[in-house]
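Encoded as structure tokens, the structure appears first; notes follow it.
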Amino acid sequence: MNQVEQIVLPDVGGEEVDVIEIVAKVGDILEEEDAIIVVETEKASMDVPAPFGGIIEEISVNVGDKIMEGTLICLLKKQDKPSDKPVEVLVEKKIKESISTVVENVYVPDIGDEVDVDIIDIMIKVGDHITFDDGMITLETEKASMDVPAPFSGKVVEVFVNAGDTASEGTLIAKVEKDVVISNTSTIATSSSPKSETKALKSNAQTLTLKIDSNVLTSKSNTVYASPSVRKEAREYSVDLFFVKGSGKKGRILKDDIKAYVKEQLSKPAEKPNSGLGFSLPAIKEIDYSKFGEIEPIELTKIQKISGPSLHRNWVSIPHITQFDETDITLLEAFRKEQNAIAEGFKLSPLVFVVKAVAKALSLYPRFNSSLSNDGQTLILKKYIHISVAVDTPKGLVVPVIRDVDKKGFKEISQNMAEISKKAREGKLKVQDMQGGCFTISSLGGIGGTAFTPIINAPEVAILGLSKSEIKPKWDGEKFEPRLMLPLALSYDHRVIDGADGARFITTLSQILGDIRLLNL
């Protein structure tokens, strides 16, 4: 006789989760592992599958409910399936809470806009037992290295990457076996027969065939069957779901399908680079320089290899205008030296005051605190002020970010700057340390020079360059006075900012640096 079982929420790694989709309905016939509902934690969304095949008798939850481990999800009437002369029948009574093992894929998480990042170290091997947050692999971007931590504890079953490979968000790192607590009571009958084994082999063969097939549809689908959480992930990856092949029941698109789609698209050969002008420039002829004398080839650093194409893209694709000015920082420098004489645990540099003054100018001219959408039709104004500061390191220039500068005082900005500069020079910056910048400052004052034209750090729309300050004679109306002058160079995106606003911004900035009391107005 078929019996009705209570299906409850198993351990999903959190005390309370949101029900974001009801996949099944009363009367549906489910197979084992078919999704019943979709829940969302703070970190991820996941399907809650049927532990066995059967008919849905009752659904006990609704979209929007908050539920926890042990909450009744539905009543599932188990369906007995006839077997073809079973060789062996095993009947097992499961206890209320049983431990089951599942194998889950672990992928490279969100690493910002970086793609094809170098894998420089593999810290796991098959058979290793890892715990939550243990490092699995180390990635190196153009500006920093970072460990990818384990999202849960378990045993490493298979490793799919090697040192020297490249990876992007969604790249499969490993399969990890973990324990899952199943909270229900059910009687499970398992049987085996020659016919059922043959079916299983056919099923496995079919699955293998599907795995090597393309995850990208050659023509646009008429309909899309996907949960809200899957649609959200597709938006984050800018994936058109109409071209994704679904591997779920009735062609339902799962999160793994999104990742497989992205991975396949990224693995395609890159298009031949061009000038960004809509046509390719003639290639520079290769020259054998050794014909003219002794040479020494020196390989570019990792940062130079990756930042070079980015700088080239920004220079070619953004119409730059550079506005020059100089500001009188005589009073500012006197104030800075007075404060440093009494400061404890920090030191004020001229750059600290420039960072704070730029934040003030950004609040007065919000178009400088924006980004242009990819289609060039929308200007995205930012309500936060995070300022990127270029730092010279032995491996090249890196650009970490100081956050919420408008809400911080000189001391806190100084401490933040010292911290990120130290991390930059030690090569310990994380990807997050270099994300979210609104405006960049590049200072060459400690090295020298009178002026330069900084390249905009896209997707920002402006950048400020600082050169070496110099004592110059300035006319005060009656006589020349020696004043300390700081050269400024403001490059901005002419698609977003016109010349008049560029002049207003740099003039306002100059006035603030000339009298820092204006920061309070």
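The chains in the structure tokens are called A, B, ... from first to last as shown; in each chain the residues are counted from 1, and the ligands are counted from 1 in the order shown.
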
Residue neighbourhood A:Leu311, 9 Å, only C-alpha atoms, exclusion window fewer than 5 positions, as a PDB file with N, CA and C atoms, in the first residue's frame:
```
ATOM      1  N   VAL A 316      41.970  54.611 -26.277  1.00  0.00           N
ATOM      2  CA  VAL A 316      41.392  54.621 -27.623  1.00  0.00           C
ATOM      3  C   VAL A 316      39.885  54.843 -27.590  1.00  0.00           C
ATOM      4  N   ILE A 455      45.610  58.809 -17.874  1.00  0.00           N
ATOM      5  CA  ILE A 455      44.590  58.089 -18.639  1.00  0.00           C
ATOM      6  C   ILE A 455      43.461  57.680 -17.697  1.00  0.00           C
ATOM      7  N   ILE A 456      42.238  57.922 -18.119  1.00  0.00           N
ATOM      8  CA  ILE A 456      41.061  57.635 -17.300  1.00  0.00           C
ATOM      9  C   ILE A 456      40.991  56.138 -16.988  1.00  0.00           C
ATOM     10  N   ASN A 457      40.655  55.832 -15.749  1.00  0.00           N
ATOM     11  CA  ASN A 457      40.538  54.456 -15.275  1.00  0.00           C
ATOM     12  C   ASN A 457      39.087  54.002 -15.430  1.00  0.00           C
ATOM     13  N   ALA A 458      38.715  53.546 -16.648  1.00  0.00           N
ATOM     14  CA  ALA A 458      37.331  53.133 -16.917  1.00  0.00           C
ATOM     15  C   ALA A 458      36.908  52.034 -15.938  1.00  0.00           C
TER      16      ALA A 458
END
```

Next on the checklist: Which residues are near A:Ile119? Cut-off 7 Å, only C-alpha atoms, ignore same chain within fewer than 4 positions. Put them as a ChimeraX atom specification.
Outcome noted: /A:138-140,163-167

Checklist entry - What is the atom CA of A:Ile67-atom CA of A:Ile36 distance in Å, reported with one decimal? => result 14.3 Å

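The neighbours of A:Asp501 here are the residues that come within 10 Å of it, using only C-alpha atoms and leaving out any residue fewer than 5 positions away in the same chain; they are Tyr365, Arg367, Phe368, Val496, Ile506 and Thr507 of chain A.
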
So that I have them on file, write out the residues from the current selection with C-alpha atoms, as a PDB file, in the first residue's frame.
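Below you can see result-v2.pdb, which holds the result:
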```
ATOM      1  CA  TYR A 365      29.793  68.181  -9.326  1.00  0.00           C
ATOM      2  CA  ARG A 367      28.653  64.058 -13.028  1.00  0.00           C
ATOM      3  CA  PHE A 368      32.309  63.475 -12.143  1.00  0.00           C
ATOM      4  CA  VAL A 496      29.959  62.853 -20.108  1.00  0.00           C
ATOM      5  CA  ILE A 506      39.430  71.923 -11.286  1.00  0.00           C
ATOM      6  CA  THR A 507      38.947  75.575 -10.263  1.00  0.00           C
TER       7      THR A 507
END
```

Next on the checklist: Please report the interatomic distance between atom CA of A:Lys395 and atom CA of A:Thr301 in Å with one decimal.
Outcome noted: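 According to the coordinates, atom CA of A:Lys395 and atom CA of A:Thr301 are separated by 6.1 Å.
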
Checklist entry - Could you pull the residues within 7 Å of stretch 476-492 of chain A, counting only C-alpha atoms, minus those fewer than 3 positions along the same chain, as a count of residues only? => result 33

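With atom CA of A:Leu518 on one side and atom CA of A:Lys360 on the other, the separation reads 9.1 Å.
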
Item to check | Neighbour list for A:Ser373 as a PyMOL selection string, cut-off 12 Å, only C-alpha atoms, skip fewer than 2 positions in-chain | outcome: chain A and resi 370-371+375-381+458-461+495-496

Next on the checklist: When you count only C-alpha atoms, which of these residues is closest to A:Leu331: A:Gln511, A:Ser221, A:Asn105, A:Ser153?
Outcome noted: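 Answer, going by the shortest atom-to-atom distance: A:Gln511.
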
Item to check | Selection: 6 Å around A:Thr440, only C-alpha atoms, excl. self and same-chain fewer than 2 positions, as a list of chain:residue names | outcome: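 Close residues of A:Thr440: A:Ile387, A:Ser388, A:Val389, A:Ile463.
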
Checklist entry - Which residues, written as a ChimeraX atom specification, have at least one atom at most 12 Å from A:Ala150, with only C-alpha atoms counted and residues fewer than 2 positions away on the same chain left out? => result /A:104-109,123-124,129-138,147-148,152-156,173-178
